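K.L.:
Below are the structure tokens for one structure; questions will follow.
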Amino acid sequence: MATDIIGRLQLSRVINATGTVTRLGASALDSQVIAAMGAAAQLSVDMAQLQAGASQIIAQCTGAEAGVVTAGAMAGLLAGTAACLAGFDPIKMARLPDTEGMRNEFIVARSHRNSYDHGVRAAGARLVEVGLPDRLTACGVRDTEAWEIASAIGERTAGILYLARADSRPALEEVVRVAHAGGVPVLVDAAAELPPASNLRRFIEAGADLVVFSGGKGVGGPSASGILCGRRHLVASALLQQLDLDYLYADWEPPAVLIDKREFPGVPRHGIARSCKVGKEQIVGLLSALLRFTQEGDIERNRRFAAVAGALCDALGEVPGLKVRTIADAAHADMPLVAVDIAPGAAALAARLRAATPSIHVDATNADAGTLVLVPTCLRIDDAEIIAAAFAAALGKSER
Ligand SMILES: *Cc1c(COP(=O)(O)O)cnc(C)c1O
């Protein structure tokens, strides 16, 4: 059957209790989001106009001047960096990632470096690390400080990269202050900072020039979607470097709310983010999920997850030898999680659960401390009994 591709490929079923991780396919989409994507899939639309419409919705939800849908948060980092590097210059757009002779440095606090900043480097930027995270290595109390970022800003600086986490230092407001005093923009990676819904606005309110969010994490959109929002001219530059621009100048009608064609001597060539093309299904799916995410709100969302967490506690509580409790994920609006204490052997138990049929994936980040965590975001209520049975079977094996 052309419809049952997963069955045809004979992929083993995964029950994902680790949350919206990309390696397991990220969010489980709501039926309304799926319906919106299905409807979009059958239409032909002007993609630039669709993104201009997306910009209005994203602006309403974030308070930013403009926003576009990208192929994920990392794709948003690439497109946003390309915007800071090239602006509205079509010659620079065509040269990226070659940035020789251009302003091409992005300053980043050393403690903000992570694997996803490859997206910034892929656009042609060179990362310049500053400061020392002594507080994270237990060698001191300080992290990189704003004055260190200020003194690194020079004539090669194209922007500042900022990783938004609950405990990020220095504060975003301080980084914005020194960046703007030095005349450079701040690009914020807030990929995993939703919920709380208030974070949609928080980084823009703090003065960030560009912010990226992942669509496939807390928002509940397609895995290959994300948001890039911020200042209009930067968002417009990013969009230009992402859109397919196969037009003669006379026929080119970019959306006037974002792009004034008269500022361009010709139609830019396909830009570097054209390699991170985003389809109409992803754009519509992300917008549908974003509206649902803002309408539902954190309290109602947590109530929905608490029902799953409660079912997990009930089912796992019946398994002999397990200590089960609910905990709150403080970084995500106190989303309810389930913690299972089983020292020693937590890591081995997690491995046996993964090897089971269906394969059960739990969060084993704290296995060394004897705790496995189950995240309800990608689970259904009826997964609870299957998970409890798998725990019982895996524990039984360990005793033999
Ligand atoms: C998940 C994540 C990304 C990548 O997001 P995608 O939408 O999967 O591209 C980037 N940065 C951080 C900090 C993340 O946690």
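Labels for the structure tokens follow display order: chains A, B, ..., residues from 1 in each chain, ligands from 1.
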Report as a VMD selection string all protein, DNA and RNA residues lying within 12 Å of Thr294 (chain A), evaluated on only C-alpha atoms, omitting residues in the same chain fewer than 6 positions from it.

P.N.:
chain A and resid 57 to 58 60 to 62 194 to 201 218 to 220 287 to 288 300 to 301

K.L.:
I'd like the contact shell of Leu210 (chain A) - 6 Å cut-off, only C-alpha atoms, skipping same-chain residues fewer than 2 positions apart - returned as a tab-separated table (two decimals) with N, CA and C atoms, in the first residue's frame.

P.N.:
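That gives us selection_28.tsv:
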```tsv
chain	number	residue	atom	x	y	z
A	187	LEU	N	22.19	37.54	17.35
A	187	LEU	CA	21.42	36.39	16.84
A	187	LEU	C	21.26	35.41	17.99
A	208	ALA	N	16.98	41.41	21.15
A	208	ALA	CA	17.64	40.58	20.14
A	208	ALA	C	17.21	41.03	18.74
A	229	CYS	N	12.84	35.03	13.46
A	229	CYS	CA	12.09	36.28	13.57
A	229	CYS	C	13.00	37.39	14.08
A	230	GLY	N	12.58	38.62	13.85
A	230	GLY	CA	13.38	39.75	14.30
A	230	GLY	C	13.19	40.96	13.42
```

K.L.:
At a cut-off of 9 Å, using only C-alpha atoms, what residues contact Val267 (chain A)? Leave out same-chain residues fewer than 6 positions from it and give the result as a VMD selection string.

P.N.:
chain A and resid 90 245 to 249 252 261

K.L.:
For the residues selected in the previous step, produce a file with N, CA, C and O atoms as a tab-separated table (two decimals), in the first residue's frame.

P.N.:
```tsv
chain	number	residue	atom	x	y	z
A	90	PRO	N	23.29	41.73	-3.23
A	90	PRO	CA	23.16	40.46	-3.97
A	90	PRO	C	24.49	39.86	-4.38
A	90	PRO	O	24.58	38.63	-4.57
A	245	LEU	N	14.57	31.84	-6.49
A	245	LEU	CA	14.44	33.14	-7.17
A	245	LEU	C	14.66	33.01	-8.68
A	245	LEU	O	15.36	33.81	-9.30
A	246	ASP	N	14.02	32.02	-9.25
A	246	ASP	CA	14.19	31.76	-10.68
A	246	ASP	C	13.23	32.66	-11.48
A	246	ASP	O	12.21	32.21	-11.98
A	247	TYR	N	13.57	33.96	-11.53
A	247	TYR	CA	12.73	34.96	-12.20
A	247	TYR	C	13.59	35.86	-13.08
A	247	TYR	O	14.75	36.12	-12.77
A	248	LEU	N	12.99	36.42	-14.15
A	248	LEU	CA	13.54	37.60	-14.80
A	248	LEU	C	13.14	38.80	-13.96
A	248	LEU	O	12.06	38.81	-13.34
A	249	TYR	N	13.99	39.83	-13.93
A	249	TYR	CA	13.73	40.98	-13.06
A	249	TYR	C	12.33	41.56	-13.32
A	249	TYR	O	11.59	41.91	-12.38
A	252	TRP	N	9.63	39.64	-11.52
A	252	TRP	CA	9.83	39.38	-10.09
A	252	TRP	C	8.93	40.28	-9.28
A	252	TRP	O	8.98	41.50	-9.40
A	261	LYS	N	11.60	45.77	-4.31
A	261	LYS	CA	12.39	45.33	-5.47
A	261	LYS	C	13.32	46.43	-5.99
A	261	LYS	O	14.40	46.15	-6.52
```

K.L.:
Can you tell me which residues sit at most 9 Å away from ligand 1, counting only C-alpha atoms and all ligand atoms, written as number ranges by chain?

P.N.:
A: 21-22, 26, 70-77, 114-117, 119, 163-165, 189-193, 212-217, 223-227

K.L.:
Could you check which of A:Ala146, A:Val175, A:Val284, A:Ala86 is closest to Leu43 (chain A), using only C-alpha atoms?

P.N.:
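Under the stated criterion, the closest residue is A:Val284.
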
K.L.:
So which residues touch Ile327 (chain A) within 6 Å, counting only C-alpha atoms, skipping near sequence neighbours fewer than 2 positions away, as a count of residues only?

P.N.:
3

K.L.:
Please list as a ChimeraX atom specification every residue within 12 Å of Gly317 (chain A), counting only C-alpha atoms and excluding residues in the same chain fewer than 4 positions away.

P.N.:
/A:309-313,321-326,338-341,384-385,387-389,391-392

K.L.:
Residues as selected, all heavy atoms, written as a tab-separated table (two decimals), in the first residue's frame, can you do that?

P.N.:
```
chain	number	residue	atom	x	y	z
A	309	ALA	N	1.33	11.66	32.32
A	309	ALA	CA	2.26	11.39	33.43
A	309	ALA	C	1.55	10.60	34.52
A	309	ALA	O	2.13	9.68	35.12
A	309	ALA	CB	2.81	12.71	33.99
A	310	GLY	N	0.28	10.91	34.79
A	310	GLY	CA	-0.49	10.19	35.81
A	310	GLY	C	-0.68	8.73	35.43
A	310	GLY	O	-0.51	7.82	36.26
A	311	ALA	N	-1.00	8.49	34.15
A	311	ALA	CA	-1.17	7.12	33.68
A	311	ALA	C	0.14	6.34	33.80
A	311	ALA	O	0.15	5.16	34.18
A	311	ALA	CB	-1.67	7.12	32.23
A	312	LEU	N	1.26	7.01	33.50
A	312	LEU	CA	2.57	6.36	33.62
A	312	LEU	C	2.87	6.00	35.08
A	312	LEU	O	3.33	4.90	35.37
A	312	LEU	CB	3.67	7.29	33.10
A	312	LEU	CG	3.85	7.38	31.58
A	312	LEU	CD1	4.78	8.54	31.24
A	312	LEU	CD2	4.41	6.07	31.03
A	313	CYS	N	2.57	6.95	35.99
A	313	CYS	CA	2.82	6.69	37.42
A	313	CYS	C	1.99	5.51	37.90
A	313	CYS	O	2.48	4.64	38.62
A	313	CYS	CB	2.49	7.93	38.24
A	313	CYS	SG	3.80	9.15	38.21
A	321	GLY	N	9.68	-3.15	42.62
A	321	GLY	CA	11.07	-2.73	42.59
A	321	GLY	C	11.31	-1.35	42.02
A	321	GLY	O	12.44	-0.90	41.97
A	322	LEU	N	10.23	-0.68	41.56
A	322	LEU	CA	10.42	0.66	40.99
A	322	LEU	C	9.92	1.71	41.96
A	322	LEU	O	8.84	1.57	42.54
A	322	LEU	CB	9.63	0.80	39.67
A	322	LEU	CG	10.12	0.04	38.45
A	322	LEU	CD1	9.27	0.41	37.25
A	322	LEU	CD2	11.59	0.35	38.18
A	323	LYS	N	10.70	2.76	42.13
A	323	LYS	CA	10.23	3.95	42.86
A	323	LYS	C	9.89	5.02	41.83
A	323	LYS	O	10.75	5.44	41.07
A	323	LYS	CB	11.32	4.46	43.81
A	323	LYS	CG	11.29	3.80	45.17
A	323	LYS	CD	11.68	4.74	46.33
A	323	LYS	CE	12.79	5.70	46.02
A	323	LYS	NZ	13.98	5.60	46.85
A	324	VAL	N	8.61	5.41	41.79
A	324	VAL	CA	8.14	6.31	40.73
A	324	VAL	C	7.63	7.60	41.35
A	324	VAL	O	6.96	7.59	42.39
A	324	VAL	CB	7.00	5.64	39.94
A	324	VAL	CG1	6.57	6.50	38.77
A	324	VAL	CG2	7.40	4.27	39.46
A	325	ARG	N	7.99	8.73	40.75
A	325	ARG	CA	7.48	10.02	41.24
A	325	ARG	C	7.36	10.97	40.05
A	325	ARG	O	8.04	10.79	39.04
A	325	ARG	CB	8.41	10.60	42.32
A	325	ARG	CG	9.81	10.88	41.83
A	325	ARG	CD	10.85	10.89	42.95
A	325	ARG	NE	12.16	10.65	42.37
A	325	ARG	CZ	13.02	11.62	42.02
A	325	ARG	NH1	12.74	12.88	42.24
A	325	ARG	NH2	14.17	11.33	41.45
A	326	THR	N	6.49	11.98	40.17
A	326	THR	CA	6.44	13.01	39.13
A	326	THR	C	7.36	14.15	39.55
A	326	THR	O	7.49	14.46	40.74
A	326	THR	CB	5.02	13.57	38.90
A	326	THR	OG1	4.50	14.01	40.14
A	326	THR	CG2	4.10	12.53	38.30
A	338	VAL	N	8.01	12.14	34.57
A	338	VAL	CA	7.98	11.02	35.50
A	338	VAL	C	9.41	10.52	35.72
A	338	VAL	O	10.13	10.26	34.76
A	338	VAL	CB	7.10	9.87	34.95
A	338	VAL	CG1	7.18	8.65	35.86
A	338	VAL	CG2	5.65	10.34	34.81
A	339	ALA	N	9.83	10.45	36.99
A	339	ALA	CA	11.17	9.96	37.32
A	339	ALA	C	11.06	8.58	37.94
A	339	ALA	O	10.20	8.34	38.79
A	339	ALA	CB	11.86	10.92	38.29
A	340	VAL	N	11.91	7.66	37.49
A	340	VAL	CA	11.94	6.30	38.02
A	340	VAL	C	13.32	6.08	38.63
A	340	VAL	O	14.33	6.24	37.95
A	340	VAL	CB	11.70	5.27	36.89
A	340	VAL	CG1	11.70	3.86	37.44
A	340	VAL	CG2	10.39	5.56	36.18
A	341	ASP	N	13.35	5.75	39.93
A	341	ASP	CA	14.63	5.55	40.63
A	341	ASP	C	14.93	4.07	40.71
A	341	ASP	O	14.15	3.30	41.28
A	341	ASP	CB	14.56	6.15	42.04
A	341	ASP	CG	14.27	7.66	41.98
A	341	ASP	OD1	14.98	8.34	41.23
A	341	ASP	OD2	13.33	8.12	42.65
A	384	ALA	N	1.19	3.90	28.31
A	384	ALA	CA	1.64	3.69	29.69
A	384	ALA	C	1.72	2.21	30.04
A	384	ALA	O	2.71	1.75	30.62
A	384	ALA	CB	0.71	4.43	30.66
A	385	GLU	N	0.69	1.43	29.66
A	385	GLU	CA	0.68	0.00	30.00
A	385	GLU	C	1.79	-0.74	29.27
A	385	GLU	O	2.43	-1.64	29.83
A	385	GLU	CB	-0.69	-0.62	29.63
A	385	GLU	CG	-1.86	-0.13	30.48
A	385	GLU	CD	-1.74	-0.57	31.94
A	385	GLU	OE1	-1.01	-1.53	32.22
A	385	GLU	OE2	-2.38	0.08	32.80
A	387	ILE	N	4.63	0.52	28.30
A	387	ILE	CA	5.92	0.90	28.92
A	387	ILE	C	6.12	0.15	30.24
A	387	ILE	O	7.20	-0.38	30.52
A	387	ILE	CB	5.97	2.43	29.13
A	387	ILE	CG1	6.03	3.13	27.77
A	387	ILE	CG2	7.15	2.82	30.00
A	387	ILE	CD1	5.91	4.65	27.84
A	388	ALA	N	5.04	0.07	31.04
A	388	ALA	CA	5.15	-0.62	32.34
A	388	ALA	C	5.48	-2.10	32.12
A	388	ALA	O	6.32	-2.67	32.83
A	388	ALA	CB	3.86	-0.46	33.13
A	389	ALA	N	4.84	-2.72	31.14
A	389	ALA	CA	5.12	-4.14	30.85
A	389	ALA	C	6.57	-4.31	30.42
A	389	ALA	O	7.24	-5.28	30.81
A	389	ALA	CB	4.17	-4.64	29.76
A	391	PHE	N	9.10	-2.38	31.29
A	391	PHE	CA	9.94	-2.24	32.50
A	391	PHE	C	9.95	-3.55	33.29
A	391	PHE	O	11.01	-4.02	33.73
A	391	PHE	CB	9.40	-1.11	33.40
A	391	PHE	CG	10.08	0.22	33.19
A	391	PHE	CD1	9.60	1.12	32.25
A	391	PHE	CD2	11.20	0.59	33.93
A	391	PHE	CE1	10.21	2.36	32.06
A	391	PHE	CE2	11.82	1.82	33.73
A	391	PHE	CZ	11.33	2.70	32.80
A	392	ALA	N	8.76	-4.14	33.47
A	392	ALA	CA	8.68	-5.38	34.25
A	392	ALA	C	9.51	-6.47	33.60
A	392	ALA	O	10.28	-7.17	34.27
A	392	ALA	CB	7.21	-5.82	34.38
```

K.L.:
Which one is closest to Arg142 (chain A): A:Gln242, A:Asn302, A:Asn366, A:Ser111? Count only C-alpha atoms.

P.N.:
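Using only C-alpha atoms, the shortest distance to Arg142 (chain A) belongs to A:Ser111.
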
K.L.:
Excluding Ala79 (chain A) and its own-chain neighbours fewer than 6 positions away, which residues fall within 12 Å of it when counting only C-alpha atoms? Please give them as number ranges by chain.

P.N.:
A: 67-73, 85-87, 93, 96-97, 119-125, 187, 210-212, 226-229, 234-243, 271-278
